[in-house]
Amino acid sequence: MRISVIGTGYLGAVHAVGMAELGHTVVGVDVDEAKIAALGAGQAPIFERGLDELLQKHAKTGLVRFTTDFAEAAGADVHFICVGTPQRGDGLAADMTYVDMAVDTLAPYLARPCLVVGKSTVPVGTAQRLANRLTKIAPASSDVELAWNPEFLREGFAVEDTLRPDRLVFGVSSEHAEATLREVYADVITAGSPVVVTDLPTSELVKVSANAFLATKISFINAISEICEITGADVTHLADAIGYDDRIGRKFLNAGLGFGGGCLPKDIRAFMARAGELGAPHALTFLSEIDAINLRRRERVAEIAREVLDGKLVGRRIAVLGAAFKPDSDDVRDSPALNVAGRLQLQGAHVAVFDPKAMDNARKVFPTLEYAASAIDACSRADLILHLTEWKQFRELDPVELAGVVSSRNVVDARNCLDADAWKSAGWTYRGLGRP
Ligand SMILES: NC(=O)c1ccc[n+]([C@@H]2O[C@H](COP(=O)([O-])OP(=O)(O)OC[C@H]3O[C@@H](n4cnc5c(N)ncnc54)[C@H](O)[C@@H]3O)[C@@H](O)[C@H]2O)c1
């Protein structure tokens, strides 16, 4: 099939090459010229495992190309809308400017029968609003329909999740739309991914509900972790024990610095705002507590850092391991690690940050922090090491080797995943979160 992907960021770039990998002929369209130039040259503008390889492969097969010219999308059978829906500057709601603009710019080119498919995460009701809008602004001769196919990929596993998703959700208004989406994903469905076919509003709500649930699970264990800290209990043992119950499950029960990134925080806020607009202001108020618990983690880690350094931060050297909001990604949007780094610097500490992939993005957001060339460099002469993003290479650091470069052997493991015993036996004062 001929496919266009409008918006080639973390979601769209992967979706475009993913569609090519499924054998479709794809054009990726974005307003960001630098991004399009990089993608066109076979270089991913983001770090995502496997993306470069697929880009280079399909630059050769010719199945995918990238452009800033919407006219090149005109011939596609299916148009995926993958642009951003960030938090609006004036409040909690999602900023729909980019989605609306993408649809408005695309519409005049839709002169032949086609399906426009939203993938961005949007407030419920958006799909129907856009369907009405398309009917008004697409050429009268066209036969355009709209569907919603929310995306559940995880950054760090985005290629895998695109090609082998754990489920596909099709929000459709006709059998024809469903049949078209089944054709797009034929290989994925044959390989076993289940499909949930539903209406437009349900498909929009599936995505935000999934994110609200995941955020709730993380904040739940972090709230319990606050109690563990006071009582001397160990939240990691507690999570193991409750996680054995398969009604609960162990995933997303790691207490620590909490969630961040370009999705969960803004999605739960937008969901609350939408509930208010829909006349159900109380339905989701619990999410504001989920948000508050999560934000408290950042404050708590900064507080522990202060405690470890006897309340004296001015002039103290702190090594921050991690800048990305999660490992295996270079995404620093609403990064808990950078938030903590920034707080400590503002209180007078000298903060040196290292991240395996997110240095350039971090520098753009926090240019005043010091960025080290390696984890060892960041730790050199440090009074305290903060482990804030759980990259594998940080978990594998040798506490004995590090002991030789720091000023004082203090480590705060804000992701509770270093080998505490190994660090302690190398002479370190080890602090986890919610652990004795
Ligand atoms: N990143 C994820 O892990 C993920 C997962 C699932 C869903 N989502 C959702 O997908 C959407 C996109 O997220 P993202 O992380 O890829 O954002 P992003 O900021 O990385 O990418 C958005 C892209 O859209 C482009 N764009 C903006 N306006 C445009 C326009 N009018 N025409 C063409 N391109 C335009 C931007 O230049 C940018 O490249 C959001 O709604 C997000 O919530 C993201």
# chains A, B, ... in the order shown; residues from 1 in each chain; ligands from 1
>>> select_by_dssp(residues="range 49-170 of chain A", states="helix (DSSP H, G or I)", output="count of residues only")
46
>>> residues_near_ligand(ligand="ligand 1", cutoff="7 Å", atoms="only C-alpha atoms and all ligand atoms", output="mmCIF file with all heavy atoms, in the first residue's frame")
data_model
loop_
_atom_site.group_PDB
_atom_site.id
_atom_site.type_symbol
_atom_site.label_atom_id
_atom_site.label_comp_id
_atom_site.auth_asym_id
_atom_site.auth_seq_id
_atom_site.Cartn_x
_atom_site.Cartn_y
_atom_site.Cartn_z
ATOM 1 N N ILE A 6 2.621 11.631 8.724
ATOM 2 C CA ILE A 6 2.748 13.079 8.940
ATOM 3 C C ILE A 6 3.265 13.299 10.363
ATOM 4 O O ILE A 6 2.571 12.962 11.335
ATOM 5 C CB ILE A 6 1.388 13.804 8.760
ATOM 6 C CG1 ILE A 6 0.684 13.344 7.474
ATOM 7 C CG2 ILE A 6 1.569 15.314 8.810
ATOM 8 C CD1 ILE A 6 1.394 13.654 6.197
ATOM 9 N N GLY A 7 4.474 13.881 10.462
ATOM 10 C CA GLY A 7 5.138 14.036 11.764
ATOM 11 C C GLY A 7 6.104 12.881 11.939
ATOM 12 O O GLY A 7 5.697 11.725 12.059
ATOM 13 N N THR A 8 7.403 13.190 11.927
ATOM 14 C CA THR A 8 8.403 12.113 11.989
ATOM 15 C C THR A 8 9.311 12.290 13.207
ATOM 16 O O THR A 8 10.530 12.335 13.105
ATOM 17 C CB THR A 8 9.244 12.065 10.695
ATOM 18 O OG1 THR A 8 9.838 13.351 10.495
ATOM 19 C CG2 THR A 8 8.404 11.694 9.488
ATOM 20 N N GLY A 9 8.682 12.406 14.378
ATOM 21 C CA GLY A 9 9.433 12.472 15.632
ATOM 22 C C GLY A 9 9.640 11.076 16.197
ATOM 23 O O GLY A 9 9.767 10.101 15.451
ATOM 24 N N TYR A 10 9.636 10.958 17.536
ATOM 25 C CA TYR A 10 9.870 9.666 18.187
ATOM 26 C C TYR A 10 8.863 8.615 17.691
ATOM 27 O O TYR A 10 9.221 7.464 17.479
ATOM 28 C CB TYR A 10 9.773 9.811 19.709
ATOM 29 C CG TYR A 10 11.026 10.420 20.302
ATOM 30 C CD1 TYR A 10 11.158 11.795 20.462
ATOM 31 C CD2 TYR A 10 12.094 9.610 20.669
ATOM 32 C CE1 TYR A 10 12.313 12.346 20.990
ATOM 33 C CE2 TYR A 10 13.247 10.145 21.199
ATOM 34 C CZ TYR A 10 13.358 11.516 21.355
ATOM 35 O OH TYR A 10 14.510 12.058 21.866
ATOM 36 N N LEU A 11 7.625 9.016 17.538
ATOM 37 C CA LEU A 11 6.624 8.064 17.041
ATOM 38 C C LEU A 11 6.704 7.910 15.521
ATOM 39 O O LEU A 11 6.829 6.794 14.994
ATOM 40 C CB LEU A 11 5.221 8.555 17.457
ATOM 41 C CG LEU A 11 4.012 7.986 16.701
ATOM 42 C CD1 LEU A 11 3.916 6.481 16.840
ATOM 43 C CD2 LEU A 11 2.731 8.626 17.232
ATOM 44 N N GLY A 12 6.634 9.024 14.808
ATOM 45 C CA GLY A 12 6.466 8.965 13.352
ATOM 46 C C GLY A 12 7.663 8.409 12.598
ATOM 47 O O GLY A 12 7.487 7.672 11.613
ATOM 48 N N VAL A 29 6.483 12.925 6.233
ATOM 49 C CA VAL A 29 6.405 14.379 6.037
ATOM 50 C C VAL A 29 6.536 15.072 7.389
ATOM 51 O O VAL A 29 5.871 14.684 8.353
ATOM 52 C CB VAL A 29 5.046 14.783 5.410
ATOM 53 C CG1 VAL A 29 5.022 16.271 5.091
ATOM 54 C CG2 VAL A 29 4.743 13.959 4.166
ATOM 55 N N ASP A 30 7.398 16.084 7.453
ATOM 56 C CA ASP A 30 7.535 16.845 8.696
ATOM 57 C C ASP A 30 7.823 18.299 8.323
ATOM 58 O O ASP A 30 8.300 18.587 7.216
ATOM 59 C CB ASP A 30 8.673 16.268 9.553
ATOM 60 C CG ASP A 30 8.524 16.593 11.036
ATOM 61 O OD1 ASP A 30 8.694 17.786 11.405
ATOM 62 O OD2 ASP A 30 8.233 15.691 11.835
ATOM 63 N N VAL A 31 7.539 19.198 9.264
ATOM 64 C CA VAL A 31 7.836 20.614 9.024
ATOM 65 C C VAL A 31 9.275 20.947 9.431
ATOM 66 O O VAL A 31 9.765 22.040 9.143
ATOM 67 C CB VAL A 31 6.852 21.529 9.793
ATOM 68 C CG1 VAL A 31 5.451 21.440 9.204
ATOM 69 C CG2 VAL A 31 6.816 21.169 11.281
ATOM 70 N N ASP A 32 9.928 20.025 10.110
ATOM 71 C CA ASP A 32 11.286 20.262 10.612
ATOM 72 C C ASP A 32 12.303 19.834 9.551
ATOM 73 O O ASP A 32 12.544 18.644 9.328
ATOM 74 C CB ASP A 32 11.457 19.448 11.902
ATOM 75 C CG ASP A 32 12.800 19.677 12.580
ATOM 76 O OD1 ASP A 32 13.787 19.977 11.870
ATOM 77 O OD2 ASP A 32 12.873 19.535 13.814
ATOM 78 N N LYS A 35 15.312 17.589 10.588
ATOM 79 C CA LYS A 35 14.905 16.208 10.847
ATOM 80 C C LYS A 35 14.727 15.461 9.530
ATOM 81 O O LYS A 35 15.190 14.328 9.366
ATOM 82 C CB LYS A 35 13.581 16.242 11.614
ATOM 83 C CG LYS A 35 13.369 15.081 12.532
ATOM 84 C CD LYS A 35 12.154 15.300 13.409
ATOM 85 C CE LYS A 35 12.478 15.854 14.765
ATOM 86 N NZ LYS A 35 11.374 15.907 15.695
ATOM 87 N N CYS A 82 0.962 11.635 13.045
ATOM 88 C CA CYS A 82 1.858 11.280 14.170
ATOM 89 C C CYS A 82 2.489 12.513 14.809
ATOM 90 O O CYS A 82 3.570 12.424 15.404
ATOM 91 C CB CYS A 82 2.961 10.352 13.679
ATOM 92 S SG CYS A 82 2.359 8.788 13.026
ATOM 93 N N VAL A 83 1.866 13.677 14.677
ATOM 94 C CA VAL A 83 2.491 14.902 15.209
ATOM 95 C C VAL A 83 2.303 14.978 16.727
ATOM 96 O O VAL A 83 1.527 14.230 17.315
ATOM 97 C CB VAL A 83 1.923 16.172 14.520
ATOM 98 C CG1 VAL A 83 2.177 16.119 13.015
ATOM 99 C CG2 VAL A 83 0.444 16.339 14.813
ATOM 100 N N GLY A 84 3.007 15.923 17.346
ATOM 101 C CA GLY A 84 3.013 16.028 18.801
ATOM 102 C C GLY A 84 1.713 16.605 19.358
ATOM 103 O O GLY A 84 1.011 17.374 18.692
ATOM 104 N N THR A 85 1.418 16.226 20.608
ATOM 105 C CA THR A 85 0.283 16.810 21.345
ATOM 106 C C THR A 85 0.784 17.169 22.747
ATOM 107 O O THR A 85 0.395 16.556 23.734
ATOM 108 C CB THR A 85 -0.883 15.795 21.449
ATOM 109 O OG1 THR A 85 -0.362 14.520 21.896
ATOM 110 C CG2 THR A 85 -1.580 15.594 20.135
ATOM 111 N N PRO A 86 1.708 18.156 22.826
ATOM 112 C CA PRO A 86 2.304 18.483 24.136
ATOM 113 C C PRO A 86 1.302 19.154 25.065
ATOM 114 O O PRO A 86 0.188 19.482 24.650
ATOM 115 C CB PRO A 86 3.427 19.461 23.751
ATOM 116 C CG PRO A 86 2.993 20.072 22.469
ATOM 117 C CD PRO A 86 2.176 19.038 21.751
ATOM 118 N N TYR A 98 -0.881 21.326 16.629
ATOM 119 C CA TYR A 98 -0.089 20.612 15.615
ATOM 120 C C TYR A 98 -0.943 19.597 14.859
ATOM 121 O O TYR A 98 -0.813 19.449 13.644
ATOM 122 C CB TYR A 98 1.121 19.923 16.273
ATOM 123 C CG TYR A 98 1.942 20.886 17.082
ATOM 124 C CD1 TYR A 98 1.779 20.997 18.463
ATOM 125 C CD2 TYR A 98 2.854 21.734 16.453
ATOM 126 C CE1 TYR A 98 2.501 21.908 19.208
ATOM 127 C CE2 TYR A 98 3.590 22.654 17.192
ATOM 128 C CZ TYR A 98 3.401 22.737 18.573
ATOM 129 O OH TYR A 98 4.118 23.657 19.298
ATOM 130 N N VAL A 99 -1.828 18.929 15.587
ATOM 131 C CA VAL A 99 -2.719 17.956 14.942
ATOM 132 C C VAL A 99 -3.636 18.700 13.964
ATOM 133 O O VAL A 99 -3.789 18.308 12.801
ATOM 134 C CB VAL A 99 -3.560 17.201 15.998
ATOM 135 C CG1 VAL A 99 -4.653 16.374 15.332
ATOM 136 C CG2 VAL A 99 -2.672 16.288 16.836
ATOM 137 N N MET A 101 -3.215 21.573 12.549
ATOM 138 C CA MET A 101 -2.466 22.135 11.422
ATOM 139 C C MET A 101 -2.094 21.036 10.417
ATOM 140 O O MET A 101 -2.173 21.231 9.207
ATOM 141 C CB MET A 101 -1.216 22.832 11.937
ATOM 142 C CG MET A 101 -0.655 23.851 10.956
ATOM 143 S SD MET A 101 0.776 24.664 11.664
ATOM 144 C CE MET A 101 -0.016 25.621 12.929
ATOM 145 N N ALA A 102 -1.702 19.873 10.948
ATOM 146 C CA ALA A 102 -1.315 18.769 10.064
ATOM 147 C C ALA A 102 -2.510 18.361 9.201
ATOM 148 O O ALA A 102 -2.386 18.180 7.983
ATOM 149 C CB ALA A 102 -0.819 17.582 10.891
ATOM 150 N N LYS A 119 -2.716 8.705 15.022
ATOM 151 C CA LYS A 119 -1.938 7.879 15.964
ATOM 152 C C LYS A 119 -1.540 8.680 17.206
ATOM 153 O O LYS A 119 -1.211 8.103 18.236
ATOM 154 C CB LYS A 119 -0.654 7.354 15.292
ATOM 155 C CG LYS A 119 -0.919 6.172 14.392
ATOM 156 C CD LYS A 119 0.345 5.429 14.024
ATOM 157 C CE LYS A 119 0.678 4.323 14.988
ATOM 158 N NZ LYS A 119 -0.355 3.283 15.109
ATOM 159 N N SER A 120 -1.529 10.010 17.070
ATOM 160 C CA SER A 120 -1.147 10.851 18.209
ATOM 161 C C SER A 120 -2.097 10.578 19.372
ATOM 162 O O SER A 120 -3.224 10.137 19.171
ATOM 163 C CB SER A 120 -1.237 12.330 17.832
ATOM 164 O OG SER A 120 -0.420 12.602 16.710
ATOM 165 N N THR A 121 -1.622 10.872 20.582
ATOM 166 C CA THR A 121 -2.464 10.706 21.779
ATOM 167 C C THR A 121 -3.287 11.979 21.955
ATOM 168 O O THR A 121 -2.714 13.070 22.095
ATOM 169 C CB THR A 121 -1.574 10.471 23.008
ATOM 170 O OG1 THR A 121 -0.731 9.351 22.727
ATOM 171 C CG2 THR A 121 -2.400 10.197 24.252
ATOM 172 N N VAL A 122 -4.609 11.836 21.942
ATOM 173 C CA VAL A 122 -5.467 13.032 21.887
ATOM 174 C C VAL A 122 -6.603 12.955 22.904
ATOM 175 O O VAL A 122 -6.989 11.867 23.320
ATOM 176 C CB VAL A 122 -6.071 13.184 20.465
ATOM 177 C CG1 VAL A 122 -5.003 13.507 19.448
ATOM 178 C CG2 VAL A 122 -6.876 11.951 20.063
ATOM 179 N N PRO A 150 -4.427 4.300 18.029
ATOM 180 C CA PRO A 150 -3.461 4.816 19.007
ATOM 181 C C PRO A 150 -2.208 3.961 19.065
ATOM 182 O O PRO A 150 -2.248 2.772 18.771
ATOM 183 C CB PRO A 150 -4.240 4.734 20.326
ATOM 184 C CG PRO A 150 -5.316 3.730 20.106
ATOM 185 C CD PRO A 150 -5.673 3.827 18.656
ATOM 186 N N GLU A 151 -1.124 4.623 19.478
ATOM 187 C CA GLU A 151 0.183 3.952 19.488
ATOM 188 C C GLU A 151 0.608 3.681 20.930
ATOM 189 O O GLU A 151 0.489 4.546 21.786
ATOM 190 C CB GLU A 151 1.213 4.860 18.803
ATOM 191 C CG GLU A 151 2.609 4.314 18.774
ATOM 192 C CD GLU A 151 2.669 2.943 18.093
ATOM 193 O OE1 GLU A 151 2.240 2.840 16.941
ATOM 194 O OE2 GLU A 151 3.147 1.993 18.732
ATOM 195 N N PHE A 152 1.144 2.480 21.152
ATOM 196 C CA PHE A 152 1.552 2.098 22.515
ATOM 197 C C PHE A 152 3.044 1.839 22.623
ATOM 198 O O PHE A 152 3.499 1.272 23.616
ATOM 199 C CB PHE A 152 0.779 0.842 22.949
ATOM 200 C CG PHE A 152 -0.712 1.022 22.891
ATOM 201 C CD1 PHE A 152 -1.431 0.607 21.778
ATOM 202 C CD2 PHE A 152 -1.391 1.634 23.928
ATOM 203 C CE1 PHE A 152 -2.808 0.784 21.709
ATOM 204 C CE2 PHE A 152 -2.776 1.820 23.865
ATOM 205 C CZ PHE A 152 -3.483 1.396 22.752
ATOM 206 N N LEU A 153 3.814 2.219 21.591
ATOM 207 C CA LEU A 153 5.245 1.859 21.613
ATOM 208 C C LEU A 153 5.948 2.442 22.831
ATOM 209 O O LEU A 153 5.556 3.488 23.353
ATOM 210 C CB LEU A 153 5.947 2.324 20.333
ATOM 211 C CG LEU A 153 6.108 3.815 20.036
ATOM 212 C CD1 LEU A 153 7.244 4.449 20.828
ATOM 213 C CD2 LEU A 153 6.344 4.010 18.563
ATOM 214 N N ARG A 154 6.979 1.709 23.259
ATOM 215 C CA ARG A 154 7.817 2.195 24.359
ATOM 216 C C ARG A 154 9.117 2.691 23.766
ATOM 217 O O ARG A 154 9.752 1.961 22.991
ATOM 218 C CB ARG A 154 8.134 1.039 25.328
ATOM 219 C CG ARG A 154 6.936 0.411 25.988
ATOM 220 C CD ARG A 154 7.262 -0.978 26.496
ATOM 221 N NE ARG A 154 7.672 -1.867 25.418
ATOM 222 C CZ ARG A 154 8.289 -3.050 25.588
ATOM 223 N NH1 ARG A 154 8.577 -3.475 26.793
ATOM 224 N NH2 ARG A 154 8.614 -3.793 24.557
ATOM 225 N N GLU A 155 9.528 3.934 24.100
ATOM 226 C CA GLU A 155 10.836 4.394 23.629
ATOM 227 C C GLU A 155 11.887 3.422 24.169
ATOM 228 O O GLU A 155 11.784 2.940 25.292
ATOM 229 C CB GLU A 155 11.100 5.826 24.090
ATOM 230 C CG GLU A 155 10.289 6.815 23.271
ATOM 231 C CD GLU A 155 10.458 8.265 23.704
ATOM 232 O OE1 GLU A 155 11.505 8.620 24.271
ATOM 233 O OE2 GLU A 155 9.508 9.036 23.472
ATOM 234 N N GLY A 262 7.888 12.406 27.446
ATOM 235 C CA GLY A 262 6.945 13.188 26.647
ATOM 236 C C GLY A 262 5.542 12.617 26.635
ATOM 237 O O GLY A 262 4.703 13.089 25.855
ATOM 238 N N CYS A 263 5.267 11.581 27.455
ATOM 239 C CA CYS A 263 3.921 10.984 27.407
ATOM 240 C C CYS A 263 3.200 10.971 28.750
ATOM 241 O O CYS A 263 2.264 11.733 28.949
ATOM 242 C CB CYS A 263 3.996 9.568 26.833
ATOM 243 S SG CYS A 263 4.418 9.576 25.072
#
>>> select_by_dssp(residues="range 186-266 of chain A", states="strand (DSSP E)", output="PyMOL selection string")
chain A and resi 195-198
>>> closest_residue(among="A:Val27, A:Val411, A:Met1, A:Val188", to="Phe66 in chain A", atoms="only C-alpha atoms")
A:Val27
>>> residues_around(residues="Thr135 in chain A", least_positions_apart="2", cutoff="12 Å", atoms="only C-alpha atoms", output="ChimeraX atom specification")
/A:103-104,107-108,110,116,128-133,137-146
>>> write_last_selection(atoms="N, CA, C and O atoms", output="tab-separated table (two decimals), in the first residue's frame")
chain	number	residue	atom	x	y	z
A	103	VAL	N	-3.67	18.25	9.83
A	103	VAL	CA	-4.87	17.83	9.08
A	103	VAL	C	-5.27	18.93	8.07
A	103	VAL	O	-5.57	18.63	6.91
A	104	ASP	N	-5.20	20.18	8.50
A	104	ASP	CA	-5.57	21.27	7.59
A	104	ASP	C	-4.63	21.35	6.39
A	104	ASP	O	-5.04	21.65	5.28
A	107	ALA	N	-5.33	18.15	4.09
A	107	ALA	CA	-6.66	18.00	3.49
A	107	ALA	C	-6.74	18.40	2.00
A	107	ALA	O	-7.31	17.65	1.21
A	108	PRO	N	-6.20	19.55	1.61
A	108	PRO	CA	-6.35	19.94	0.20
A	108	PRO	C	-5.73	18.94	-0.79
A	108	PRO	O	-6.08	18.94	-1.96
A	110	LEU	N	-5.99	15.69	-0.52
A	110	LEU	CA	-6.68	14.39	-0.46
A	110	LEU	C	-7.72	14.29	-1.58
A	110	LEU	O	-8.93	14.26	-1.34
A	116	VAL	N	-7.54	8.60	6.58
A	116	VAL	CA	-6.66	9.37	7.46
A	116	VAL	C	-6.74	8.71	8.84
A	116	VAL	O	-7.84	8.52	9.37
A	128	GLN	N	-13.65	12.53	16.19
A	128	GLN	CA	-14.92	12.93	15.55
A	128	GLN	C	-14.83	14.37	15.06
A	128	GLN	O	-15.29	14.70	13.97
A	129	ARG	N	-14.19	15.23	15.87
A	129	ARG	CA	-14.04	16.63	15.46
A	129	ARG	C	-13.24	16.72	14.16
A	129	ARG	O	-13.59	17.45	13.23
A	130	LEU	N	-12.17	15.93	14.07
A	130	LEU	CA	-11.33	15.97	12.86
A	130	LEU	C	-12.07	15.36	11.67
A	130	LEU	O	-11.91	15.83	10.53
A	131	ALA	N	-12.87	14.33	11.93
A	131	ALA	CA	-13.64	13.71	10.84
A	131	ALA	C	-14.58	14.76	10.23
A	131	ALA	O	-14.67	14.91	9.01
A	132	ASN	N	-15.23	15.54	11.12
A	132	ASN	CA	-16.14	16.59	10.63
A	132	ASN	C	-15.37	17.66	9.85
A	132	ASN	O	-15.81	18.15	8.82
A	133	ARG	N	-14.21	17.99	10.38
A	133	ARG	CA	-13.38	19.02	9.77
A	133	ARG	C	-12.93	18.58	8.36
A	133	ARG	O	-12.98	19.36	7.41
A	137	ILE	N	-13.24	20.37	4.70
A	137	ILE	CA	-12.13	21.02	3.99
A	137	ILE	C	-11.46	20.18	2.91
A	137	ILE	O	-10.73	20.72	2.09
A	138	ALA	N	-11.68	18.85	2.89
A	138	ALA	CA	-11.07	18.05	1.82
A	138	ALA	C	-11.82	18.36	0.52
A	138	ALA	O	-12.98	18.77	0.56
A	139	PRO	N	-11.17	18.18	-0.63
A	139	PRO	CA	-11.84	18.48	-1.90
A	139	PRO	C	-13.17	17.73	-2.00
A	139	PRO	O	-13.28	16.58	-1.56
A	140	ALA	N	-14.17	18.38	-2.58
A	140	ALA	CA	-15.53	17.81	-2.63
A	140	ALA	C	-15.52	16.45	-3.32
A	140	ALA	O	-16.31	15.56	-2.99
A	141	SER	N	-14.61	16.27	-4.28
A	141	SER	CA	-14.58	15.03	-5.06
A	141	SER	C	-14.01	13.85	-4.26
A	141	SER	O	-14.15	12.71	-4.65
A	142	SER	N	-13.35	14.16	-3.14
A	142	SER	CA	-12.61	13.10	-2.46
A	142	SER	C	-13.53	12.20	-1.65
A	142	SER	O	-14.63	12.57	-1.29
A	143	ASP	N	-13.01	11.02	-1.36
A	143	ASP	CA	-13.75	10.07	-0.54
A	143	ASP	C	-12.83	9.76	0.63
A	143	ASP	O	-12.06	8.81	0.61
A	144	VAL	N	-12.90	10.63	1.66
A	144	VAL	CA	-11.96	10.55	2.76
A	144	VAL	C	-12.66	10.08	4.02
A	144	VAL	O	-13.74	10.59	4.34
A	145	GLU	N	-12.04	9.15	4.70
A	145	GLU	CA	-12.61	8.68	5.96
A	145	GLU	C	-11.54	8.84	7.05
A	145	GLU	O	-10.35	8.86	6.73
A	146	LEU	N	-11.97	8.89	8.31
A	146	LEU	CA	-11.01	9.02	9.39
A	146	LEU	C	-11.12	7.86	10.37
A	146	LEU	O	-12.24	7.41	10.66
>>> residues_around(residues="Asp77 in chain A", least_positions_apart="6", cutoff="6 Å", atoms="only C-alpha atoms", output="list in words")
Arg2, Ile3 and Cys114 of chain A
>>> write_last_selection(atoms="N, CA, C and O atoms", output="mmCIF file, in the first residue's frame")
data_model
loop_
_atom_site.group_PDB
_atom_site.id
_atom_site.type_symbol
_atom_site.label_atom_id
_atom_site.label_comp_id
_atom_site.auth_asym_id
_atom_site.auth_seq_id
_atom_site.Cartn_x
_atom_site.Cartn_y
_atom_site.Cartn_z
ATOM 1 N N ARG A 2 0.292 2.376 -0.385
ATOM 2 C CA ARG A 2 1.032 3.648 -0.319
ATOM 3 C C ARG A 2 0.611 4.379 0.961
ATOM 4 O O ARG A 2 -0.594 4.564 1.186
ATOM 5 N N ILE A 3 1.615 4.740 1.723
ATOM 6 C CA ILE A 3 1.333 5.285 3.052
ATOM 7 C C ILE A 3 2.065 6.591 3.267
ATOM 8 O O ILE A 3 3.235 6.716 2.864
ATOM 9 N N CYS A 114 -9.160 7.753 0.377
ATOM 10 C CA CYS A 114 -8.074 7.415 1.308
ATOM 11 C C CYS A 114 -8.599 7.390 2.742
ATOM 12 O O CYS A 114 -9.709 7.849 3.023
#
>>> closest_residue(among="A:Ala302, A:Val353, A:Ala93, A:Ala111", to="Pro265 in chain A", atoms="only C-alpha atoms")
A:Ala93
>>> residues_around(residues="Ala270 in chain A", least_positions_apart="3", cutoff="12 Å", atoms="only C-alpha atoms", output="PyMOL selection string")
chain A and resi 85-89+91-96+121-124+205+208-209+211-212+263-267+273-277+284-285+287-288+291
>>> closest_residue(among="A:Ala362, A:Ile227, A:Leu397, A:Ala337", to="Ala414 in chain A", atoms="only C-alpha atoms")
A:Ala337
>>> closest_residue(among="A:Glu226, A:Ile242, A:Asp199, A:Ile385", to="Ser174 in chain A", atoms="only C-alpha atoms")
A:Asp199
>>> closest_residue(among="A:His237, A:Lys217, A:Arg415, A:Arg298", to="Phe252 in chain A", atoms="only C-alpha atoms")
A:Lys217
>>> residues_around(residues="Phe220 in chain A", least_positions_apart="2", cutoff="12 Å", atoms="only C-alpha atoms", output="PyMOL selection string")
chain A and resi 212-218+222-227+235+239+248+252-256+258-259+286-287+289-294
>>> decode(residues="range 35-45 of chain A", atoms="N, CA, C and O atoms", output="compact mmCIF listing (two decimals), in the first residue's frame")
# COMPACT_ATOMS: atom_id res chain seq x y z
N LYS A 35 15.31 17.59 10.59
CA LYS A 35 14.91 16.21 10.85
C LYS A 35 14.73 15.46 9.53
O LYS A 35 15.19 14.33 9.37
N ILE A 36 14.08 16.11 8.58
CA ILE A 36 13.83 15.46 7.29
C ILE A 36 15.15 15.22 6.56
O ILE A 36 15.35 14.16 5.94
N ALA A 37 16.07 16.18 6.66
CA ALA A 37 17.37 16.01 5.99
C ALA A 37 18.11 14.81 6.58
O ALA A 37 18.66 13.97 5.86
N ALA A 38 18.10 14.70 7.91
CA ALA A 38 18.79 13.58 8.57
C ALA A 38 18.15 12.25 8.17
O ALA A 38 18.84 11.31 7.76
N LEU A 39 16.83 12.20 8.25
CA LEU A 39 16.13 10.95 7.91
C LEU A 39 16.39 10.57 6.46
O LEU A 39 16.64 9.40 6.13
N GLY A 40 16.40 11.59 5.60
CA GLY A 40 16.64 11.35 4.17
C GLY A 40 18.03 10.80 3.93
O GLY A 40 18.26 10.03 2.99
N ALA A 41 18.97 11.20 4.82
CA ALA A 41 20.36 10.73 4.67
C ALA A 41 20.56 9.38 5.38
O ALA A 41 21.68 8.91 5.51
N GLY A 42 19.47 8.81 5.86
CA GLY A 42 19.57 7.49 6.51
C GLY A 42 20.06 7.56 7.94
O GLY A 42 20.52 6.57 8.50
N GLN A 43 19.96 8.79 8.55
CA GLN A 43 20.42 8.93 9.94
C GLN A 43 19.24 9.31 10.83
O GLN A 43 18.59 10.33 10.60
N ALA A 44 19.01 8.51 11.83
CA ALA A 44 17.90 8.82 12.74
C ALA A 44 18.22 10.08 13.53
O ALA A 44 19.31 10.18 14.09
N PRO A 45 17.31 11.05 13.59
CA PRO A 45 17.57 12.25 14.40
C PRO A 45 17.39 11.99 15.89
O PRO A 45 17.63 12.86 16.71
